[in-house]
Amino acid sequence: MSSHQTTAPIPATAARPGRTDLGRIDIGENVVAKLAARAAAEIPEAGSAASGRLGRAIGRRTPGVRRTSLDVAPRTVARVDGATARLYLAISVRWPAPIPRVCAAVRRHVAQRVTELTGLEVTDIDIEVTDLVRGAGGGMRSEDGENVG
């Protein structure tokens, strides 16, 4: 006869990033940045920021033309320190959406999703709005981030 040992599930509080009783959990800054970018892209009025001026023609793109899109996740940087994260997002906003409202929605949603998916406490989210995008040219997204047109 053999005895079976059952293992109890690890409580969510024990699985938080940083030092725990069970060991250390580190979540890479690039992982947090990707999660934050995808979460920001779930807001229909926000998208990728202008990436600056292109130095040469690439495909159909014209030199010196700024690129933005509401269909692409924004540029994001994350700094993780133990169980906390600071985020920087550079976004474009759909014209004529109110910029403060869009930024508040992005900030709230990104903080919620990053905390939910990583266990990290998001202490700061700095947002830079670098461009406005006309709704017709950037594609439309539903509330859940799916392309609809």
# chains A, B, ... in the order shown; residues from 1 in each chain; ligands from 1
$ select_by_dssp --residues "segment 23-131 of chain A" --states "strand (DSSP E)" --output "VMD selection string"
chain A and resid 23 to 25 46 to 48 75 to 81 84 to 95 121 to 131
$ residues_around --residues "Val122 of chain A" --least-positions-apart "5" --cutoff "9 Å" --atoms "only C-alpha atoms" --output "short mmCIF file (atom, residue, chain, number, x, y, z; two decimals) with C-alpha atoms, in the first residue's frame"
data_model
loop_
_atom_site.label_atom_id
_atom_site.label_comp_id
_atom_site.auth_asym_id
_atom_site.auth_seq_id
_atom_site.Cartn_x
_atom_site.Cartn_y
_atom_site.Cartn_z
CA ALA A 83 6.24 43.51 -6.63
CA THR A 84 5.65 46.97 -8.16
CA ALA A 85 5.66 48.27 -11.71
CA ARG A 86 5.90 51.71 -13.32
CA LEU A 87 4.71 52.08 -16.89
CA VAL A 110 -3.92 48.94 -18.06
CA ALA A 111 -3.45 49.06 -14.28
CA GLN A 112 -6.29 46.59 -13.76
CA VAL A 114 -1.42 44.23 -15.47
CA THR A 115 -2.27 43.66 -11.81
#
$ closest_residue --among "A:Val32, A:Ala40, A:Val80, A:Ala90" --to "Thr123 of chain A" --atoms "only C-alpha atoms"
A:Val80
$ residues_around --residues "Lys34 of chain A" --least-positions-apart "3" --cutoff "10 Å" --atoms "only C-alpha atoms" --output "number ranges by chain"
A: 29-31, 37-40, 73-78, 114
$ atom_distance --atom1 "atom CA of Ser69 of chain A" --atom2 "atom CA of Ile125 of chain A"
21.0 Å
$ closest_residue --among "A:Ala41, A:Ala36, A:Leu89, A:Leu22" --to "Thr130 of chain A" --atoms "only C-alpha atoms"
A:Leu89
$ atom_distance --atom1 "atom CA of Leu117 of chain A" --atom2 "atom CA of Gly82 of chain A"
15.5 Å
$ residues_around --residues "segment 102-104 of chain A" --least-positions-apart "2" --cutoff "10 Å" --atoms "only C-alpha atoms" --output "list in words"
Ala40, Ile43, Pro44, Glu45, Ala46, Leu89, Ile91, Ser92, Val93, Arg94, Ala97, Pro98, Ile99, Pro100, Val106, Arg107, Arg108, His109, Val110, Ile125, Asp126, Ile127, Glu128 and Val129 of chain A
$ atom_distance --atom1 "atom CA of Pro96 of chain A" --atom2 "atom CA of Val72 of chain A"
18.8 Å
